[in-house]
Amino acid sequence: KQEVTQIPAALSVPEGENLVLNCSFTDSAIYNLQWFRQDPGKGLTSLLLIQSSQREQTSGRLNASLDKSSGRSTLYIAASQPGDSATYLCAVRSNYQLIWGAGTKLIIKP
Amino acid sequence: NAGVTQTPKFRVLKTGQSMTLLCAQDMNHEYMYWYRQDPGMGLRLIHYSVGEGTTAKGEVPDGYNVSRLKKQNFLLGLESAAPSQTSVYFCASSNLGQANQETQYFGPGTRLLVL
């Protein structure tokens, strides 16, 4: 059974720092891996989708990598800003379902 | 273009009461999903639908029923609410043209408290 883990559960860093969020999964047979952002009281917004054949995807200050063989993905945020404060969730696609991690709550201190 | 909307935003129920959560999408998506999100846990799939008139069970379907009578709407029903169903419920939709291209679009969530 696929399991997705995100460590740490919470992270607080000063504004301007580069940071890395981690996601690990137990079964390497995935179609893709996605990173989402969740703001309080709002729904989830897709940030990046990495196909199983890809190694990384970039969007602005965000870069996501995927290493299927080791069951790991990282989300790199460059030059963090207070507006980046949110909960970040990763999800892997197995068959028709997305299997989700519990998320990392990120706080960027001004 | 409203995307995915959910009704209501918040509801309090007593144990044993019933209610229906409504999800609507205006993107002509084939696939729709209902998730629940509990503290410290990832989203868990309750039920999903791959097209109008079809539904299927997800990871945690017990105590819930769903219907997809119209392509744009996906209803989640609780026949006899229990305190364990206190959660935040999210609806999502997608067009699964190719499995590795799919992105799900989420509604803002419904916060449900069962006393």
# chains A, B, ... in the order shown; residues from 1 in each chain; ligands from 1
call {"tool": "interface_residues", "arguments": {"of": "chain A", "to": "chain B", "cutoff": "12 Å", "atoms": "only C-alpha atoms", "output": "ChimeraX atom specification"}}
result
/A:1-10,30-54,87-105
call {"tool": "select_by_dssp", "arguments": {"residues": "chain B", "states": "strand (DSSP E)", "output": "VMD selection string"}}
result
chain B and resid 4 to 7 10 to 13 19 to 25 31 to 37 44 to 49 56 to 57 65 to 67 73 to 78 87 to 94 105 to 106 110 to 114
call {"tool": "residues_around", "arguments": {"residues": "Glu15 (chain A)", "least_positions_apart": "4", "cutoff": "6 Å", "atoms": "only C-alpha atoms", "output": "JSON, numbers by chain"}}
result
{"A": [80, 81, 108, 109, 110]}
call {"tool": "residues_around", "arguments": {"residues": "Leu75 (chain A)", "least_positions_apart": "2", "cutoff": "9 Å", "atoms": "only C-alpha atoms", "output": "list in words"}}
result
Leu19, Val20, Leu21, Asn22, Cys23, Trp35, Leu62, Asn63, Ala64, Ser65, Ser73 and Ile77 of chain A
call {"tool": "write_last_selection", "arguments": {"atoms": "N, CA, C and O atoms", "output": "short mmCIF file (atom, residue, chain, number, x, y, z; two decimals), in the first residue's frame"}}
result
data_model
loop_
_atom_site.label_atom_id
_atom_site.label_comp_id
_atom_site.auth_asym_id
_atom_site.auth_seq_id
_atom_site.Cartn_x
_atom_site.Cartn_y
_atom_site.Cartn_z
N LEU A 19 14.85 27.31 0.97
CA LEU A 19 14.46 26.20 1.82
C LEU A 19 14.02 25.00 0.97
O LEU A 19 13.69 25.13 -0.21
N VAL A 20 14.04 23.85 1.62
CA VAL A 20 13.68 22.60 0.96
C VAL A 20 12.64 21.86 1.80
O VAL A 20 12.82 21.67 3.00
N LEU A 21 11.57 21.46 1.16
CA LEU A 21 10.55 20.62 1.78
C LEU A 21 10.68 19.21 1.22
O LEU A 21 10.96 19.04 0.03
N ASN A 22 10.47 18.24 2.07
CA ASN A 22 10.70 16.85 1.68
C ASN A 22 9.41 16.03 1.63
O ASN A 22 8.49 16.23 2.42
N CYS A 23 9.40 15.07 0.70
CA CYS A 23 8.28 14.16 0.53
C CYS A 23 8.86 12.80 0.18
O CYS A 23 9.73 12.70 -0.69
N TRP A 35 2.88 18.70 -6.17
CA TRP A 35 2.97 19.54 -5.00
C TRP A 35 1.82 20.55 -5.05
O TRP A 35 1.57 21.17 -6.10
N LEU A 62 10.05 28.22 -7.56
CA LEU A 62 9.85 26.86 -7.09
C LEU A 62 10.50 25.85 -8.03
O LEU A 62 10.44 26.00 -9.25
N ASN A 63 11.14 24.86 -7.42
CA ASN A 63 11.72 23.77 -8.19
C ASN A 63 11.43 22.47 -7.46
O ASN A 63 11.75 22.34 -6.27
N ALA A 64 10.81 21.54 -8.16
CA ALA A 64 10.51 20.24 -7.56
C ALA A 64 11.32 19.17 -8.26
O ALA A 64 11.44 19.17 -9.49
N SER A 65 11.87 18.26 -7.48
CA SER A 65 12.63 17.14 -8.04
C SER A 65 11.98 15.84 -7.68
O SER A 65 11.22 15.75 -6.71
N SER A 73 10.94 13.09 -3.15
CA SER A 73 10.77 14.33 -3.91
C SER A 73 11.09 15.49 -2.98
O SER A 73 10.87 15.40 -1.76
N ILE A 77 12.27 26.14 -2.51
CA ILE A 77 11.73 27.49 -2.63
C ILE A 77 12.88 28.47 -2.47
O ILE A 77 13.55 28.48 -1.42
#
call {"tool": "closest_residue", "arguments": {"among": "B:Ser93, B:Tyr35, B:Ser84, B:Leu75", "to": "Thr15 (chain B)", "atoms": "only C-alpha atoms"}}
result
B:Ser84
call {"tool": "residues_around", "arguments": {"residues": "Val66 (chain B)", "least_positions_apart": "2", "cutoff": "8 Å", "atoms": "only C-alpha atoms", "output": "list in words"}}
result
His47, Thr55, Tyr64, Arg68, Phe74, Leu75, Leu76 and Gly77 of chain B
call {"tool": "write_last_selection", "arguments": {"atoms": "all heavy atoms", "output": "PDB file, in the first residue's frame"}}
result
ATOM      1  N   HIS B  47     -15.174   9.054  -2.041  1.00  0.00           N
ATOM      2  CA  HIS B  47     -15.762   8.501  -3.258  1.00  0.00           C
ATOM      3  C   HIS B  47     -15.292   9.343  -4.435  1.00  0.00           C
ATOM      4  O   HIS B  47     -14.879  10.480  -4.263  1.00  0.00           O
ATOM      5  CB  HIS B  47     -17.295   8.564  -3.218  1.00  0.00           C
ATOM      6  CG  HIS B  47     -17.955   7.584  -2.300  1.00  0.00           C
ATOM      7  ND1 HIS B  47     -18.168   6.260  -2.638  1.00  0.00           N
ATOM      8  CD2 HIS B  47     -18.460   7.743  -1.058  1.00  0.00           C
ATOM      9  CE1 HIS B  47     -18.780   5.648  -1.650  1.00  0.00           C
ATOM     10  NE2 HIS B  47     -18.978   6.517  -0.672  1.00  0.00           N
ATOM     11  N   THR B  55     -20.269   6.243 -10.058  1.00  0.00           N
ATOM     12  CA  THR B  55     -19.576   6.543  -8.804  1.00  0.00           C
ATOM     13  C   THR B  55     -18.750   5.327  -8.395  1.00  0.00           C
ATOM     14  O   THR B  55     -19.039   4.204  -8.840  1.00  0.00           O
ATOM     15  CB  THR B  55     -20.548   6.897  -7.664  1.00  0.00           C
ATOM     16  OG1 THR B  55     -21.374   5.773  -7.395  1.00  0.00           O
ATOM     17  CG2 THR B  55     -21.398   8.101  -8.020  1.00  0.00           C
ATOM     18  N   TYR B  64     -20.911   7.210   4.030  1.00  0.00           N
ATOM     19  CA  TYR B  64     -21.164   8.242   3.018  1.00  0.00           C
ATOM     20  C   TYR B  64     -21.801   7.625   1.772  1.00  0.00           C
ATOM     21  O   TYR B  64     -21.519   6.479   1.431  1.00  0.00           O
ATOM     22  CB  TYR B  64     -19.867   8.922   2.581  1.00  0.00           C
ATOM     23  CG  TYR B  64     -19.046   9.506   3.699  1.00  0.00           C
ATOM     24  CD1 TYR B  64     -18.002   8.783   4.280  1.00  0.00           C
ATOM     25  CD2 TYR B  64     -19.285  10.801   4.158  1.00  0.00           C
ATOM     26  CE1 TYR B  64     -17.238   9.316   5.294  1.00  0.00           C
ATOM     27  CE2 TYR B  64     -18.514  11.347   5.168  1.00  0.00           C
ATOM     28  CZ  TYR B  64     -17.489  10.590   5.728  1.00  0.00           C
ATOM     29  OH  TYR B  64     -16.726  11.131   6.732  1.00  0.00           O
ATOM     30  N   ARG B  68     -24.045  11.352  -8.891  1.00  0.00           N
ATOM     31  CA  ARG B  68     -23.551  12.204  -9.985  1.00  0.00           C
ATOM     32  C   ARG B  68     -24.608  12.162 -11.097  1.00  0.00           C
ATOM     33  O   ARG B  68     -24.412  11.587 -12.163  1.00  0.00           O
ATOM     34  CB  ARG B  68     -22.210  11.675 -10.502  1.00  0.00           C
ATOM     35  CG  ARG B  68     -21.588  12.568 -11.584  1.00  0.00           C
ATOM     36  CD  ARG B  68     -20.555  13.464 -11.053  1.00  0.00           C
ATOM     37  NE  ARG B  68     -19.991  14.331 -12.084  1.00  0.00           N
ATOM     38  CZ  ARG B  68     -18.899  14.023 -12.781  1.00  0.00           C
ATOM     39  NH1 ARG B  68     -18.266  12.863 -12.575  1.00  0.00           N
ATOM     40  NH2 ARG B  68     -18.450  14.867 -13.686  1.00  0.00           N
ATOM     41  N   PHE B  74     -21.665  16.932  -8.038  1.00  0.00           N
ATOM     42  CA  PHE B  74     -21.302  15.699  -7.322  1.00  0.00           C
ATOM     43  C   PHE B  74     -21.739  15.897  -5.878  1.00  0.00           C
ATOM     44  O   PHE B  74     -21.254  16.799  -5.204  1.00  0.00           O
ATOM     45  CB  PHE B  74     -19.803  15.465  -7.424  1.00  0.00           C
ATOM     46  CG  PHE B  74     -19.343  14.084  -7.057  1.00  0.00           C
ATOM     47  CD1 PHE B  74     -20.175  12.977  -7.206  1.00  0.00           C
ATOM     48  CD2 PHE B  74     -18.060  13.864  -6.574  1.00  0.00           C
ATOM     49  CE1 PHE B  74     -19.736  11.698  -6.886  1.00  0.00           C
ATOM     50  CE2 PHE B  74     -17.610  12.592  -6.255  1.00  0.00           C
ATOM     51  CZ  PHE B  74     -18.450  11.519  -6.414  1.00  0.00           C
ATOM     52  N   LEU B  75     -22.683  15.095  -5.428  1.00  0.00           N
ATOM     53  CA  LEU B  75     -23.270  15.251  -4.103  1.00  0.00           C
ATOM     54  C   LEU B  75     -22.720  14.207  -3.149  1.00  0.00           C
ATOM     55  O   LEU B  75     -22.591  13.032  -3.505  1.00  0.00           O
ATOM     56  CB  LEU B  75     -24.797  15.121  -4.168  1.00  0.00           C
ATOM     57  CG  LEU B  75     -25.598  16.342  -4.609  1.00  0.00           C
ATOM     58  CD1 LEU B  75     -25.263  16.771  -6.019  1.00  0.00           C
ATOM     59  CD2 LEU B  75     -27.090  16.092  -4.452  1.00  0.00           C
ATOM     60  N   LEU B  76     -22.429  14.655  -1.930  1.00  0.00           N
ATOM     61  CA  LEU B  76     -21.968  13.756  -0.880  1.00  0.00           C
ATOM     62  C   LEU B  76     -23.004  13.761   0.236  1.00  0.00           C
ATOM     63  O   LEU B  76     -23.310  14.824   0.781  1.00  0.00           O
ATOM     64  CB  LEU B  76     -20.615  14.201  -0.333  1.00  0.00           C
ATOM     65  CG  LEU B  76     -20.051  13.380   0.821  1.00  0.00           C
ATOM     66  CD1 LEU B  76     -19.608  12.001   0.331  1.00  0.00           C
ATOM     67  CD2 LEU B  76     -18.866  14.103   1.485  1.00  0.00           C
ATOM     68  N   GLY B  77     -23.525  12.587   0.577  1.00  0.00           N
ATOM     69  CA  GLY B  77     -24.548  12.488   1.602  1.00  0.00           C
ATOM     70  C   GLY B  77     -24.061  11.750   2.845  1.00  0.00           C
ATOM     71  O   GLY B  77     -23.286  10.800   2.751  1.00  0.00           O
TER      72      GLY B  77
END
call {"tool": "atom_distance", "arguments": {"atom1": "CA of Ala82 (chain B)", "atom2": "CA of Trp34 (chain B)"}}
result
17.8 Å
call {"tool": "residues_around", "arguments": {"residues": "Ala81 (chain B)", "least_positions_apart": "5", "cutoff": "7 Å", "atoms": "only C-alpha atoms", "output": "list in words"}}
result
Thr15, Gly16, Gln17, Ser18 and Val114 of chain B
call {"tool": "write_last_selection", "arguments": {"atoms": "all heavy atoms", "output": "PDB file, in the first residue's frame"}}
result
ATOM      1  N   THR B  15     -25.503  14.234  16.217  1.00  0.00           N
ATOM      2  CA  THR B  15     -25.353  12.816  15.887  1.00  0.00           C
ATOM      3  C   THR B  15     -26.688  12.244  15.417  1.00  0.00           C
ATOM      4  O   THR B  15     -27.722  12.453  16.050  1.00  0.00           O
ATOM      5  CB  THR B  15     -24.857  12.034  17.113  1.00  0.00           C
ATOM      6  OG1 THR B  15     -23.550  12.505  17.454  1.00  0.00           O
ATOM      7  CG2 THR B  15     -24.784  10.557  16.815  1.00  0.00           C
ATOM      8  N   GLY B  16     -26.643  11.527  14.292  1.00  0.00           N
ATOM      9  CA  GLY B  16     -27.838  10.911  13.745  1.00  0.00           C
ATOM     10  C   GLY B  16     -28.540  11.724  12.674  1.00  0.00           C
ATOM     11  O   GLY B  16     -29.365  11.194  11.922  1.00  0.00           O
ATOM     12  N   GLN B  17     -28.230  13.014  12.584  1.00  0.00           N
ATOM     13  CA  GLN B  17     -28.845  13.833  11.547  1.00  0.00           C
ATOM     14  C   GLN B  17     -28.238  13.510  10.191  1.00  0.00           C
ATOM     15  O   GLN B  17     -27.145  12.949  10.088  1.00  0.00           O
ATOM     16  CB  GLN B  17     -28.671  15.323  11.861  1.00  0.00           C
ATOM     17  CG  GLN B  17     -29.542  15.813  12.991  1.00  0.00           C
ATOM     18  CD  GLN B  17     -29.434  17.312  13.205  1.00  0.00           C
ATOM     19  OE1 GLN B  17     -28.352  17.907  13.135  1.00  0.00           O
ATOM     20  NE2 GLN B  17     -30.585  17.944  13.461  1.00  0.00           N
ATOM     21  N   SER B  18     -28.957  13.902   9.153  1.00  0.00           N
ATOM     22  CA  SER B  18     -28.466  13.680   7.802  1.00  0.00           C
ATOM     23  C   SER B  18     -28.242  15.023   7.113  1.00  0.00           C
ATOM     24  O   SER B  18     -28.807  16.042   7.514  1.00  0.00           O
ATOM     25  CB  SER B  18     -29.470  12.857   6.993  1.00  0.00           C
ATOM     26  OG  SER B  18     -30.687  13.558   6.860  1.00  0.00           O
ATOM     27  N   VAL B 114     -19.799  17.517  13.916  1.00  0.00           N
ATOM     28  CA  VAL B 114     -20.886  16.646  14.368  1.00  0.00           C
ATOM     29  C   VAL B 114     -20.793  16.501  15.886  1.00  0.00           C
ATOM     30  O   VAL B 114     -19.784  16.038  16.424  1.00  0.00           O
ATOM     31  CB  VAL B 114     -20.818  15.256  13.705  1.00  0.00           C
ATOM     32  CG1 VAL B 114     -22.011  14.404  14.156  1.00  0.00           C
ATOM     33  CG2 VAL B 114     -20.801  15.378  12.193  1.00  0.00           C
TER      34      VAL B 114
END
call {"tool": "atom_distance", "arguments": {"atom1": "CA of Ser67 (chain B)", "atom2": "CA of Lys14 (chain B)"}}
result
23.2 Å
call {"tool": "atom_distance", "arguments": {"atom1": "CA of Leu78 (chain B)", "atom2": "CA of Asn1 (chain B)"}}
result
29.0 Å
